[in-house]
$ cat start_5.txt   # compact mmCIF, C-alpha atoms
# COMPACT_ATOMS: atom_id res chain seq x y z
CA MET A 167 84.56 35.47 115.06
CA ASN A 168 86.91 35.18 112.14
CA VAL A 169 90.21 34.88 113.97
CA ASN A 170 92.20 35.20 110.79
CA SER A 171 90.74 38.67 110.18
CA GLN A 172 92.40 39.87 113.37
CA ASN A 173 95.59 37.88 112.97
CA LEU A 174 98.81 39.90 113.05
CA SER A 175 100.60 38.64 109.98
CA SER A 176 104.23 39.37 109.27
CA ASN A 177 103.09 42.24 107.05
CA HIS A 178 100.95 43.83 109.76
CA ARG A 179 102.99 43.53 112.92
CA PRO A 180 102.10 45.96 115.72
CA LYS A 181 104.18 49.13 115.61
CA THR A 182 103.53 50.20 119.20
CA PHE A 183 102.36 47.15 121.14
CA ASN A 184 105.29 45.51 122.99
CA ASN A 185 107.71 47.99 121.39
CA PRO A 186 110.47 49.04 123.86
CA GLU A 187 110.97 52.32 121.97
CA ARG A 188 107.35 53.52 122.02
CA PHE A 189 104.55 54.41 124.41
CA ILE A 190 101.13 56.07 124.12
CA GLU A 191 100.69 59.79 124.82
CA GLY A 192 98.69 60.06 128.04
CA TRP A 193 98.73 60.25 131.83
CA TYR A 194 101.42 58.24 133.68
CA TRP A 195 102.06 57.80 137.39
CA VAL A 196 105.15 59.50 138.82
CA ILE A 197 105.43 58.94 142.59
CA PRO A 198 103.04 58.57 145.56
CA SER A 199 101.83 61.97 146.77
CA ASN A 200 103.21 61.44 150.27
CA ASN A 201 106.72 60.98 148.83
CA LEU A 202 106.96 64.71 148.04
CA ARG A 203 106.74 67.15 150.93
CA VAL A 204 106.16 70.91 150.71
CA GLY A 205 109.47 72.58 149.84
CA GLU A 206 111.04 69.33 148.58
CA VAL A 207 112.65 68.86 145.16
CA LYS A 208 113.63 65.52 143.59
CA PRO A 209 115.12 64.10 140.38
CA ILE A 210 112.89 61.64 138.52
CA THR A 211 113.15 59.70 135.27
CA ILE A 212 109.87 58.89 133.54
CA LEU A 213 109.72 56.92 130.28
CA GLY A 214 113.41 57.60 129.70
CA ARG A 215 113.16 61.38 130.17
CA GLU A 216 115.06 63.11 133.00
CA LEU A 217 112.85 65.49 134.97
CA VAL A 218 112.76 67.42 138.22
CA ILE A 219 109.75 67.57 140.52
CA TYR A 220 109.02 69.87 143.46
CA ARG A 221 106.14 70.98 145.68
CA GLY A 222 105.78 74.68 146.45
CA GLU A 223 104.30 76.41 149.50
CA ASP A 224 100.88 76.37 147.82
CA ARG A 225 101.21 72.53 147.75
CA ARG A 226 101.06 72.50 143.96
CA VAL A 227 103.33 69.96 142.23
CA ILE A 228 105.55 71.23 139.41
CA ILE A 229 107.56 69.13 136.94
CA PHE A 230 110.27 70.64 134.71
CA ASP A 231 112.82 69.20 132.33
CA ALA A 232 115.80 68.41 134.55
CA TYR A 233 118.58 70.73 133.39
CA CYS A 234 119.09 74.45 133.78
CA PRO A 235 119.13 76.30 130.40
CA HIS A 236 122.20 78.31 131.50
CA MET A 237 124.94 75.67 131.84
CA GLY A 238 123.06 72.44 132.29
CA ALA A 239 123.17 71.99 136.06
CA HIS A 240 120.63 69.48 137.34
CA LEU A 241 117.83 71.47 138.97
CA ALA A 242 117.25 68.81 141.63
CA GLU A 243 120.45 70.15 143.25
CA GLY A 244 118.67 73.47 143.80
CA LYS A 245 116.12 74.55 146.38
CA VAL A 246 112.48 75.56 146.54
CA GLU A 247 111.79 79.18 147.46
CA GLY A 248 108.08 79.75 148.01
CA ASN A 249 106.51 78.41 144.82
CA GLU A 250 109.67 78.84 142.75
CA LEU A 251 112.83 76.81 142.15
CA ARG A 252 116.36 78.22 142.31
CA CYS A 253 119.26 76.50 140.54
CA PHE A 254 122.18 75.55 142.81
CA PHE A 255 124.91 76.49 140.31
CA HIS A 256 124.42 80.18 139.45
CA HIS A 257 121.19 80.75 141.41
CA TRP A 258 118.92 81.42 138.45
CA LYS A 259 115.33 81.17 139.65
CA PHE A 260 112.28 79.86 137.78
CA ASP A 261 108.61 80.27 138.64
CA ALA A 262 105.90 77.59 138.45
CA GLU A 263 105.34 78.40 134.77
CA GLY A 264 109.01 77.80 133.99
CA LEU A 265 109.85 81.48 133.43
CA CYS A 266 113.21 82.79 134.60
CA VAL A 267 112.37 85.45 137.22
CA ASP A 268 115.79 86.16 138.75
CA VAL A 269 119.46 86.12 137.68
CA PRO A 270 121.49 87.46 140.65
CA CYS A 271 124.21 89.09 138.53
CA LEU A 272 121.75 90.87 136.22
CA ASP A 273 119.36 93.75 136.81
CA GLU A 274 116.65 91.92 134.87
CA PRO A 275 116.16 88.17 134.24
CA LEU A 276 116.67 86.75 130.78
CA PRO A 277 113.65 85.84 128.61
CA THR A 278 114.23 82.11 128.97
CA LYS A 279 111.77 79.40 129.93
CA LEU A 280 111.92 75.82 131.17
CA LYS A 281 109.67 73.12 129.75
CA VAL A 282 106.79 72.56 132.21
CA TRP A 283 104.82 69.32 132.07
CA PRO A 284 101.11 69.08 133.01
CA THR A 285 100.59 67.37 136.37
CA ALA A 286 97.70 66.17 138.51
CA GLU A 287 97.12 64.42 141.82
CA LYS A 288 94.55 61.68 142.31
CA TYR A 289 94.38 58.32 144.07
CA GLU A 290 97.12 59.62 146.42
CA THR A 291 99.44 59.59 143.40
CA ILE A 292 101.16 62.27 141.29
CA TRP A 293 100.59 62.00 137.53
CA ILE A 294 102.21 63.56 134.46
CA TRP A 295 100.76 64.14 130.99
CA THR A 296 103.36 63.32 128.34
CA GLY A 297 102.03 65.68 125.66
CA GLU A 298 101.62 69.44 125.39
CA ILE A 299 98.02 69.81 126.61
CA PRO A 300 95.95 67.09 128.32
CA GLN A 301 93.34 65.95 125.83
CA LEU A 302 91.52 63.51 128.11
CA PRO A 303 91.04 63.06 131.87
CA LEU A 304 93.03 61.04 134.34
CA PRO A 305 92.18 57.33 134.31
CA TYR A 306 89.02 56.57 136.25
CA ILE A 307 86.73 53.65 137.01
CA PRO A 308 83.44 54.40 135.21
CA GLU A 309 81.40 53.11 138.15
CA LEU A 310 83.19 55.47 140.55
CA GLU A 311 83.62 58.48 138.26
CA GLN A 312 81.55 60.86 140.42
CA LYS A 313 82.16 59.18 143.79
CA GLU A 314 84.71 59.67 146.57
CA CYS A 315 86.94 56.66 147.25
CA ASP A 316 89.12 55.22 149.95
CA VAL A 317 92.45 54.21 148.41
CA THR A 318 95.24 51.98 149.68
CA PHE A 319 98.58 51.09 148.11
CA ALA A 320 98.84 47.38 147.34
CA SER A 321 102.15 46.69 145.59
CA ARG A 322 105.00 47.94 143.44
CA LEU A 323 106.78 45.61 141.05
CA VAL A 324 109.33 45.57 138.22
CA THR A 325 108.90 42.90 135.55
CA ASN A 326 111.17 41.66 132.76
CA CYS A 327 108.48 42.13 130.12
CA HIS A 328 106.86 45.10 128.40
CA PRO A 329 103.92 46.93 130.10
CA ASN A 330 101.58 45.91 127.27
CA VAL A 331 102.22 42.23 127.99
CA VAL A 332 101.30 42.74 131.64
CA MET A 333 98.19 44.71 130.64
CA ILE A 334 96.64 41.94 128.55
CA ASN A 335 96.88 39.49 131.43
CA VAL A 336 93.61 40.68 133.00
CA ILE A 337 91.68 39.97 129.78
CA ASP A 338 93.42 36.67 129.02
CA ALA A 339 90.41 34.47 129.75
CA GLN A 340 92.32 31.22 129.22
CA HIS A 341 94.80 31.81 132.03
CA PHE A 342 92.05 32.12 134.67
CA ASN A 343 91.49 28.38 134.23
CA THR A 344 95.07 27.26 133.61
CA VAL A 345 97.13 29.44 135.97
CA HIS A 346 94.57 30.32 138.64
CA LYS A 347 92.47 27.13 138.45
CA LEU A 348 89.21 29.09 138.55
CA PRO A 349 86.20 26.94 137.61
CA LEU A 350 84.68 29.83 135.62
CA LYS A 351 84.19 30.65 131.99
CA VAL A 352 84.84 34.30 131.12
CA ASP A 353 83.74 35.89 127.87
CA PHE A 354 84.29 39.59 127.20
CA GLU A 355 82.29 42.20 125.36
CA LYS A 356 84.20 45.35 124.41
CA HIS A 357 83.11 48.98 124.35
CA GLU A 358 85.33 51.91 123.38
CA LEU A 359 84.76 54.78 125.81
CA ASN A 360 86.87 57.17 123.74
CA GLN A 361 89.97 57.12 121.53
CA ASN A 362 92.20 56.35 124.53
CA ALA A 363 89.92 54.17 126.68
CA ILE A 364 88.38 50.76 126.06
CA ILE A 365 86.20 48.66 128.37
CA PHE A 366 85.93 44.86 128.51
CA ASN A 367 82.91 43.47 130.39
CA ASN A 368 82.31 39.85 131.36
CA ILE A 369 78.95 38.67 129.97
CA THR A 370 79.08 35.05 131.15
CA LEU A 371 76.69 33.69 133.78
CA PHE A 372 77.83 31.24 136.43
CA GLY A 373 78.27 27.80 134.96
CA GLY A 374 80.17 24.65 135.77
CA ASP A 375 80.06 21.38 137.64
CA SER A 376 82.35 22.28 140.54
CA PHE A 377 81.01 22.26 144.10
CA PHE A 378 82.04 25.93 144.50
CA ILE A 379 80.03 27.07 141.47
CA LYS A 380 76.98 24.98 142.40
CA LEU A 381 77.02 26.41 145.93
CA ILE A 382 77.26 30.05 144.84
CA SER A 383 74.72 29.71 142.02
CA ARG A 384 72.05 28.82 144.58
CA PHE A 385 72.29 32.30 146.07
CA TYR A 386 73.37 34.41 143.10
CA LYS A 387 72.00 34.02 139.57
CA ASN A 388 73.53 37.00 137.77
CA ALA A 389 76.86 37.23 135.99
CA VAL A 390 79.60 38.24 138.39
CA THR A 391 80.81 41.71 137.44
CA TYR A 392 84.29 41.64 135.95
CA SER A 393 85.09 44.82 134.06
CA ILE A 394 88.39 46.32 132.89
CA CYS A 395 88.72 49.88 131.62
CA TYR A 396 92.07 50.50 129.89
CA TRP A 397 93.46 54.02 129.62
CA TYR A 398 96.33 54.89 127.25
CA GLY A 399 97.24 51.21 127.08
CA SER A 400 99.08 51.61 130.39
CA THR A 401 96.51 51.81 133.20
CA GLY A 402 93.82 49.22 133.87
CA MET A 403 90.88 50.04 136.15
CA VAL A 404 89.34 46.76 137.28
CA THR A 405 85.95 46.18 138.92
CA PHE A 406 84.85 42.74 140.10
CA GLY A 407 82.41 41.04 142.48
CA PRO A 408 78.70 40.33 142.89
CA ASP A 409 76.25 43.22 142.81
CA PHE A 410 76.21 43.63 146.60
CA LEU A 411 80.01 44.17 146.82
CA HIS A 412 82.07 45.58 144.00
CA LEU A 413 85.82 45.75 144.56
CA HIS A 414 88.06 47.97 142.46
CA PHE A 415 91.76 48.12 141.80
CA MET A 416 94.06 50.08 139.52
CA ILE A 417 97.08 48.60 137.77
CA SER A 418 99.24 51.38 136.36
CA LEU A 419 102.42 50.71 134.41
CA ARG A 420 105.19 52.63 132.73
CA LEU A 421 107.96 51.55 130.41
CA ILE A 422 111.50 51.50 131.83
CA GLU A 423 114.90 50.48 130.46
CA GLU A 424 115.28 47.39 128.27
CA GLY A 425 111.56 47.20 127.58
CA LYS A 426 110.68 46.28 131.16
CA ALA A 427 107.71 47.50 133.20
CA GLU A 428 107.37 49.25 136.54
CA ILE A 429 103.95 48.64 138.07
CA ILE A 430 101.94 50.02 140.95
CA THR A 431 98.67 48.54 142.15
CA LEU A 432 96.13 50.53 144.18
CA LEU A 433 92.96 49.18 145.78
CA MET A 434 89.83 51.33 145.89
CA ILE A 435 86.38 51.21 147.40
CA LYS A 436 83.52 53.69 147.52
CA LYS A 437 83.91 55.91 150.59
CA ARG A 438 81.53 55.17 153.47
CA ARG A 439 80.70 57.61 156.23
CA GLY A 440 80.89 57.12 159.99
CA PHE A 441 83.06 54.86 162.12
CA ILE A 442 81.35 51.64 161.02
CA GLY A 443 81.62 52.59 157.35
CA GLN A 444 85.30 53.46 157.67
CA LEU A 445 86.02 50.25 159.57
CA TYR A 446 84.16 48.22 156.95
CA ASN A 447 86.21 49.73 154.14
CA ARG A 448 89.50 49.14 155.95
CA VAL A 449 88.69 45.49 156.55
CA VAL A 450 87.56 44.92 152.95
CA LEU A 451 90.67 46.63 151.53
CA TRP A 452 92.94 44.66 153.88
CA LEU A 453 91.36 41.33 152.93
CA THR A 454 91.47 42.23 149.23
CA LYS A 455 95.16 43.09 149.52
CA ILE A 456 95.96 39.72 151.07
CA TRP A 457 93.87 37.84 148.51
CA GLY A 458 95.41 39.81 145.63
CA LYS A 459 99.00 39.04 146.65
CA ASN A 460 98.27 35.32 146.72
CA PHE A 461 96.24 35.41 143.49
CA ILE A 462 98.96 36.99 141.33
CA LYS A 463 101.89 34.83 142.45
CA GLY A 464 101.74 32.71 139.32
CA ASP A 465 101.44 35.76 137.07
CA THR A 466 104.37 37.49 138.75
CA LYS A 467 106.62 34.50 138.14
CA LEU A 468 105.52 34.36 134.49
CA PHE A 469 106.27 38.06 133.89
CA GLN A 470 109.93 37.52 134.79
CA THR A 471 110.58 34.86 132.15
CA ILE A 472 108.11 35.34 129.28
CA GLN A 473 109.36 36.19 125.77
CA PHE A 474 106.05 37.38 124.35
CA ASP A 475 105.29 36.71 120.69
CA LEU A 476 101.67 36.16 119.66
CA LYS A 477 102.28 34.08 116.53
CA THR A 478 99.17 31.90 116.61
CA PRO A 479 96.14 33.75 118.00
CA ILE A 480 93.02 31.64 118.48
CA LYS A 481 89.37 32.45 119.14
CA ALA A 482 89.98 32.62 122.90
CA ASP A 483 92.45 35.47 122.27
CA ARG A 484 89.80 37.73 120.74
CA SER A 485 89.84 40.31 123.55
CA ILE A 486 93.65 40.50 123.40
CA MET A 487 93.52 41.16 119.65
CA GLN A 488 90.90 43.85 120.22
CA PHE A 489 93.11 45.52 122.82
CA ILE A 490 96.11 45.49 120.47
CA ASN A 491 94.07 46.99 117.63
CA HIS A 492 92.77 49.71 119.98
CA LEU A 493 96.30 50.49 121.16
CA GLU A 494 97.67 50.75 117.62
CA ARG A 495 95.20 53.55 116.81
CA GLN A 496 96.45 55.79 119.61
CA LYS A 497 99.14 58.48 119.40
CA PRO A 498 102.60 56.87 119.83
CA LEU A 499 105.55 58.73 121.35
CA MET A 500 109.22 57.78 121.39
CA TRP A 501 111.01 56.57 124.50
CA LYS A 502 113.19 59.30 126.09
CA THR A 503 112.48 62.09 123.58
CA TRP A 504 108.66 61.99 123.92
CA GLN A 505 108.45 63.04 120.29
CA LEU A 506 105.80 61.68 117.94
CA ALA A 507 106.82 58.25 116.66
CA ARG A 508 106.80 57.92 112.89
CA SER A 509 107.18 54.92 110.61
CA PRO A 510 110.58 54.47 108.92
CA ASN A 511 109.02 55.24 105.52
CA VAL A 512 107.63 58.57 106.73
CA GLU A 513 110.90 59.50 108.43
CA SER A 514 112.86 58.60 105.31
CA LYS A 515 110.58 60.72 103.13
CA GLN A 516 110.86 63.67 105.55
CA ASN A 517 114.66 63.41 105.52
CA ARG A 518 114.71 63.31 101.71
CA ASP A 519 112.40 66.35 101.49
CA LYS A 520 114.54 68.24 104.01
CA TRP A 521 117.71 67.39 102.04
CA ARG A 522 116.11 68.60 98.79
CA GLU A 523 115.06 71.89 100.42
CA GLU A 524 118.58 72.45 101.74
CA MET A 525 120.06 71.75 98.28
CA THR A 526 117.60 74.19 96.71
CA ASN A 527 118.49 76.88 99.24
CA ASP A 528 122.17 76.41 98.47
$ encode --input "start_5.txt" --output "structure tokens"
Amino acid sequence: MNVNSQNLSSNHRPKTFNNPERFIEGWYWVIPSNNLRVGEVKPITILGRELVIYRGEDRRVIIFDAYCPHMGAHLAEGKVEGNELRCFFHHWKFDAEGLCVDVPCLDEPLPTKLKVWPTAEKYETIWIWTGEIPQLPLPYIPELEQKECDVTFASRLVTNCHPNVVMINVIDAQHFNTVHKLPLKVDFEKHELNQNAIIFNNITLFGGDSFFIKLISRFYKNAVTYSICYWYGSTGMVTFGPDFLHLHFMISLRLIEEGKAEIITLLMIKKRRGFIGQLYNRVVLWLTKIWGKNFIKGDTKLFQTIQFDLKTPIKADRSIMQFINHLERQKPLMWKTWQLARSPNVESKQNRDKWREEMTND
């Protein structure tokens, strides 16, 4: 590989990667499903935007912009009535599509509408799409796309670094040897699933002089599966293990204040039927959870102090560079406003054109 061809020179710095003012349009986790009961309404802030979330009698989850269009009361102060939400202040009521359906002091409601955001529920988690219409599906593990899964919550964490910096950790092959002391060589091959999803697969066979590697290689000759599927630059679906036992976990992040990251980790395994199958899955998920907590201790400490700046990429950083390039081609939105992010040159040109039009109209 020609490392220099993928180097991020001062003239080609990433516009979205590690940028505290930008994120990729896509699906983002909101709250665990069991944190929102039927008839409950809550305030939430996602990627800097204030929202309100509620669950109606039909169990459907609805997310609106937070403030009533009448006088700006926060709708989380209101109450759920059936599948609709009534504002606490002047009792205006809005249906699940955001339409105003009742104003108590008027014979007919006004033709006003709240902004409704697309939602979904999967992996025992509520998700929101940050654009107008979902263009692609919720993140999924390719190996489990058509299969039912048992899911367990593993951890929730806030770090002092950007979500993108956390994301590249699972494809940073060097740190497996330095931080985690694993006697393995990992080399990745990439495959772009679509414009918002990229897969990195380990293609390295067992190799090394350690007793652990020599012992395992007697019984298993293939490359251990280690695959990461990134969605929207913010959710990583990881599969690892020998062919007879693949373990899966999801790392999903969202940008919060000051360019920090809020992370949830879920463990998954293909659903098995019967008492023995259920017991097997519970034991495997429990053991994986314990192992995972111990494994990431070094990474967790690093994420609280790192000041990321990839000034000198080397050949071993190839997969990281490929991830950054993939991320930069996706649709960037602005923190808090969720509007399309534009380069300063484009914005300046648009402002000049707008000013000229206004002068002409005058």
$ atom_distance --input "start_5.txt" --atom1 "CA of Ile369 (chain A)" --atom2 "CA of Val352 (chain A)"
7.4 Å
$ closest_residue --input "start_5.txt" --among "A:Cys395, A:Ala427, A:Val331, A:Leu323" --to "Leu476 (chain A)" --atoms "only C-alpha atoms"
A:Val331
$ residues_around --input "start_5.txt" --residues "Leu432 (chain A)" --least-positions-apart "3" --cutoff "6 Å" --atoms "all atoms listed in the file" --output "list in words"
Thr318, Phe319, Ala320, Phe415 and Met416 of chain A
$ residues_around --input "start_5.txt" --residues "region 248-256 of chain A" --least-positions-apart "5" --cutoff "8 Å" --atoms "all atoms listed in the file" --output "PyMOL selection string"
chain A and resi 205+221-224+234+239-241+243+261-262+269-270
$ atom_distance --input "start_5.txt" --atom1 "CA of Ile486 (chain A)" --atom2 "CA of Ile394 (chain A)"
12.3 Å
$ closest_residue --input "start_5.txt" --among "A:Asp353, A:Glu191, A:Glu424, A:Asp465" --to "Pro300 (chain A)" --atoms "only C-alpha atoms"
A:Glu191
$ closest_residue --input "start_5.txt" --among "A:Arg495, A:Lys455, A:Arg420, A:Lys351" --to "Thr296 (chain A)" --atoms "all atoms listed in the file"
A:Arg420
$ residues_around --input "start_5.txt" --residues "Trp452 (chain A)" --least-positions-apart "5" --cutoff "12 Å" --atoms "all atoms listed in the file" --output "mmCIF file with C-alpha atoms, in the frame of the given file"
data_model
loop_
_atom_site.group_PDB
_atom_site.id
_atom_site.type_symbol
_atom_site.label_atom_id
_atom_site.label_comp_id
_atom_site.auth_asym_id
_atom_site.auth_seq_id
_atom_site.Cartn_x
_atom_site.Cartn_y
_atom_site.Cartn_z
ATOM 1 C CA ASP A 316 89.120 55.220 149.950
ATOM 2 C CA VAL A 317 92.450 54.210 148.410
ATOM 3 C CA THR A 318 95.240 51.980 149.680
ATOM 4 C CA PHE A 319 98.580 51.090 148.110
ATOM 5 C CA ALA A 320 98.840 47.380 147.340
ATOM 6 C CA LEU A 413 85.820 45.750 144.560
ATOM 7 C CA LEU A 432 96.130 50.530 144.180
ATOM 8 C CA LEU A 433 92.960 49.180 145.780
ATOM 9 C CA MET A 434 89.830 51.330 145.890
ATOM 10 C CA ILE A 435 86.380 51.210 147.400
ATOM 11 C CA LEU A 445 86.020 50.250 159.570
ATOM 12 C CA TYR A 446 84.160 48.220 156.950
ATOM 13 C CA ASN A 447 86.210 49.730 154.140
ATOM 14 C CA TRP A 457 93.870 37.840 148.510
ATOM 15 C CA GLY A 458 95.410 39.810 145.630
ATOM 16 C CA LYS A 459 99.000 39.040 146.650
#
$ atom_distance --input "start_5.txt" --atom1 "CA of Trp504 (chain A)" --atom2 "CA of His357 (chain A)"
28.7 Å
$ closest_residue --input "start_5.txt" --among "A:Val404, A:Val336, A:Val267, A:Val324" --to "Ile430 (chain A)" --atoms "only C-alpha atoms"
A:Val324
$ closest_residue --input "start_5.txt" --among "A:His328, A:Arg448, A:Arg438, A:Lys313" --to "Glu423 (chain A)" --atoms "only C-alpha atoms"
A:His328
$ axis_aligned_box --input "start_5.txt" --around "region 337-349 of chain A" --padding-each-side "4 Å" --output "lines of an AutoDock Vina configuration file"
center_x = 91.7
center_y = 33.5
center_z = 133.8
size_x = 18.9
size_y = 21.0
size_z = 17.6
$ closest_residue --input "start_5.txt" --among "A:Glu274, A:Val282, A:Ile462, A:Asn184" --to "Tyr220 (chain A)" --atoms "all atoms listed in the file"
A:Val282
$ residues_around --input "start_5.txt" --residues "Cys327 (chain A)" --least-positions-apart "4" --cutoff "8 Å" --atoms "only C-alpha atoms" --output "PDB file with C-alpha atoms, keeping the file's coordinate frame"
ATOM      1  CA  VAL A 331     102.220  42.230 127.990  1.00  0.00           C
ATOM      2  CA  VAL A 332     101.300  42.740 131.640  1.00  0.00           C
ATOM      3  CA  GLY A 425     111.560  47.200 127.580  1.00  0.00           C
ATOM      4  CA  LYS A 426     110.680  46.280 131.160  1.00  0.00           C
ATOM      5  CA  ALA A 427     107.710  47.500 133.200  1.00  0.00           C
ATOM      6  CA  PHE A 469     106.270  38.060 133.890  1.00  0.00           C
ATOM      7  CA  GLN A 470     109.930  37.520 134.790  1.00  0.00           C
ATOM      8  CA  THR A 471     110.580  34.860 132.150  1.00  0.00           C
ATOM      9  CA  ILE A 472     108.110  35.340 129.280  1.00  0.00           C
ATOM     10  CA  GLN A 473     109.360  36.190 125.770  1.00  0.00           C
ATOM     11  CA  PHE A 474     106.050  37.380 124.350  1.00  0.00           C
TER      12      PHE A 474
END
$ residues_around --input "start_5.txt" --residues "Met333 (chain A)" --least-positions-apart "4" --cutoff "8 Å" --atoms "only C-alpha atoms" --output "list in words"
Pro329, Gly399, Ser400, Thr401 and Gly402 of chain A
$ decode --input "start_5.txt" --residues "region 487-503 of chain A" --atoms "N, CA, C and O atoms" --output "CSV table (one decimal), in the first residue's frame"
chain,number,residue,atom,x,y,z
A,487,MET,N,-7.5,4.6,7.9
A,487,MET,CA,-7.6,5.5,6.8
A,487,MET,C,-8.7,5.2,5.9
A,487,MET,O,-9.4,6.1,5.4
A,488,GLN,N,-9.0,3.9,5.7
A,488,GLN,CA,-10.1,3.5,4.8
A,488,GLN,C,-11.4,3.8,5.5
A,488,GLN,O,-12.4,4.3,4.8
A,489,PHE,N,-11.5,3.7,6.8
A,489,PHE,CA,-12.7,4.1,7.5
A,489,PHE,C,-13.0,5.6,7.4
A,489,PHE,O,-14.1,6.0,7.1
A,490,ILE,N,-11.9,6.4,7.6
A,490,ILE,CA,-12.1,7.8,7.5
A,490,ILE,C,-12.5,8.2,6.1
A,490,ILE,O,-13.4,9.1,6.0
A,491,ASN,N,-11.9,7.7,5.1
A,491,ASN,CA,-12.3,8.0,3.7
A,491,ASN,C,-13.8,7.6,3.4
A,491,ASN,O,-14.5,8.4,2.8
A,492,HIS,N,-14.2,6.5,4.0
A,492,HIS,CA,-15.6,6.0,3.8
A,492,HIS,C,-16.5,7.0,4.5
A,492,HIS,O,-17.6,7.4,4.0
A,493,LEU,N,-16.2,7.4,5.7
A,493,LEU,CA,-17.0,8.4,6.5
A,493,LEU,C,-17.1,9.7,5.8
A,493,LEU,O,-18.2,10.3,5.8
A,494,GLU,N,-16.1,10.2,5.2
A,494,GLU,CA,-16.1,11.5,4.6
A,494,GLU,C,-17.0,11.6,3.4
A,494,GLU,O,-17.4,12.6,3.0
A,495,ARG,N,-17.4,10.4,2.8
A,495,ARG,CA,-18.2,10.4,1.6
A,495,ARG,C,-19.7,10.3,2.0
A,495,ARG,O,-20.6,10.4,1.1
A,496,GLN,N,-20.0,10.2,3.3
A,496,GLN,CA,-21.4,10.2,3.7
A,496,GLN,C,-22.0,11.6,4.0
A,496,GLN,O,-21.3,12.6,4.0
A,497,LYS,N,-23.3,11.6,4.1
A,497,LYS,CA,-24.0,12.9,4.3
A,497,LYS,C,-23.8,13.5,5.7
A,497,LYS,O,-24.4,12.9,6.6
A,498,PRO,N,-23.1,14.6,5.8
A,498,PRO,CA,-22.9,15.2,7.1
A,498,PRO,C,-24.0,16.2,7.5
A,498,PRO,O,-24.5,16.9,6.7
A,499,LEU,N,-24.4,16.1,8.8
A,499,LEU,CA,-25.4,17.0,9.4
A,499,LEU,C,-24.7,17.8,10.5
A,499,LEU,O,-23.7,17.4,11.0
A,500,MET,N,-25.3,18.9,10.8
A,500,MET,CA,-24.8,19.8,11.8
A,500,MET,C,-25.3,19.5,13.2
A,500,MET,O,-26.5,19.2,13.4
A,501,TRP,N,-24.5,19.5,14.2
A,501,TRP,CA,-24.9,19.3,15.6
A,501,TRP,C,-26.0,20.3,16.0
A,501,TRP,O,-26.0,21.4,15.6
A,502,LYS,N,-27.0,19.8,16.6
A,502,LYS,CA,-28.1,20.6,17.2
A,502,LYS,C,-29.2,20.9,16.1
A,502,LYS,O,-30.4,20.7,16.4
A,503,THR,N,-28.8,21.5,15.0
A,503,THR,CA,-29.8,21.9,14.0
A,503,THR,C,-30.2,20.7,13.1
A,503,THR,O,-31.3,20.7,12.5
